[in-house]
Amino acid sequence: NTRQGDLADQANGNNEVHIHLKLKQTDAKILIAIEEALQRVEAGSYGLCRDCGDVIAKARLEAIPWTRVCISCKEKQKA
């Protein structure tokens, strides 16, 4: 019976490690996207969609300031 508890504890520990790794990966991706957005600000191309070249809506930029694409192109990517 204690062996099952040990296995459950090990599985829980493995799950926590996996979650922490995923969070670090997500944080790293967001940091890269923010750095790229800052480069676009310096280059004067911030707020322009990478795919179609149209202006990205202000509301989208306020929600996700590091976004690279407009909502239309993002929806096409998901399809």
# chains A, B, ... in the order shown; residues from 1 in each chain; ligands from 1

$ residues_around --residues "segment 32-36 of chain A" --least-positions-apart "6" --cutoff "8 Å" --atoms "only C-alpha atoms" --output "CSV table (one decimal) with all heavy atoms, in the first residue's frame"
chain,number,residue,atom,x,y,z
A,65,PRO,N,0.6,43.2,-26.8
A,65,PRO,CA,1.5,44.1,-27.4
A,65,PRO,C,2.6,43.6,-28.3
A,65,PRO,O,3.2,44.2,-29.1
A,65,PRO,CB,2.1,44.9,-26.2
A,65,PRO,CG,1.2,44.6,-25.1
A,65,PRO,CD,0.6,43.3,-25.4
A,66,TRP,N,3.0,42.3,-28.1
A,66,TRP,CA,4.0,41.7,-28.8
A,66,TRP,C,3.5,40.9,-30.1
A,66,TRP,O,4.3,40.3,-30.7
A,66,TRP,CB,4.8,40.7,-27.9
A,66,TRP,CG,4.0,39.7,-27.3
A,66,TRP,CD1,3.6,38.5,-27.8
A,66,TRP,CD2,3.4,39.8,-26.0
A,66,TRP,NE1,2.8,37.8,-26.9
A,66,TRP,CE2,2.6,38.6,-25.8
A,66,TRP,CE3,3.4,40.7,-25.0
A,66,TRP,CZ2,1.9,38.3,-24.6
A,66,TRP,CZ3,2.7,40.5,-23.8
A,66,TRP,CH2,2.0,39.3,-23.6
A,67,THR,N,2.3,41.0,-30.4
A,67,THR,CA,1.7,40.3,-31.5
A,67,THR,C,2.4,40.7,-32.8
A,67,THR,O,2.8,41.8,-33.0
A,67,THR,CB,0.2,40.4,-31.6
A,67,THR,OG1,-0.3,39.5,-32.6
A,67,THR,CG2,-0.2,41.8,-32.0

$ select_by_dssp --residues "chain A" --states "helix (DSSP H, G or I)" --output "PyMOL selection string"
chain A and resi 2-43+58-63+71-78

$ residues_around --residues "segment 48-61 of chain A" --least-positions-apart "6" --cutoff "8 Å" --atoms "only C-alpha atoms" --output "VMD selection string"
chain A and resid 67 to 71 73

$ write_last_selection --atoms "N, CA and C atoms" --output "PDB file, in the first residue's frame"
ATOM      1  N   THR A  67       2.254  41.012 -30.359  1.00  0.00           N
ATOM      2  CA  THR A  67       1.712  40.265 -31.488  1.00  0.00           C
ATOM      3  C   THR A  67       2.387  40.663 -32.794  1.00  0.00           C
ATOM      4  N   ARG A  68       2.496  39.694 -33.691  1.00  0.00           N
ATOM      5  CA  ARG A  68       3.146  39.930 -34.986  1.00  0.00           C
ATOM      6  C   ARG A  68       2.128  40.033 -36.122  1.00  0.00           C
ATOM      7  N   VAL A  69       0.908  39.560 -35.863  1.00  0.00           N
ATOM      8  CA  VAL A  69      -0.074  39.469 -36.942  1.00  0.00           C
ATOM      9  C   VAL A  69      -1.418  40.047 -36.520  1.00  0.00           C
ATOM     10  N   CYS A  70      -2.169  40.495 -37.517  1.00  0.00           N
ATOM     11  CA  CYS A  70      -3.521  41.002 -37.270  1.00  0.00           C
ATOM     12  C   CYS A  70      -4.444  39.827 -36.958  1.00  0.00           C
ATOM     13  N   ILE A  71      -5.631  40.132 -36.504  1.00  0.00           N
ATOM     14  CA  ILE A  71      -6.568  39.083 -36.098  1.00  0.00           C
ATOM     15  C   ILE A  71      -6.985  38.220 -37.288  1.00  0.00           C
ATOM     16  N   CYS A  73      -5.223  37.406 -39.976  1.00  0.00           N
ATOM     17  CA  CYS A  73      -4.134  36.461 -40.299  1.00  0.00           C
ATOM     18  C   CYS A  73      -3.981  35.417 -39.204  1.00  0.00           C
TER      19      CYS A  73
END
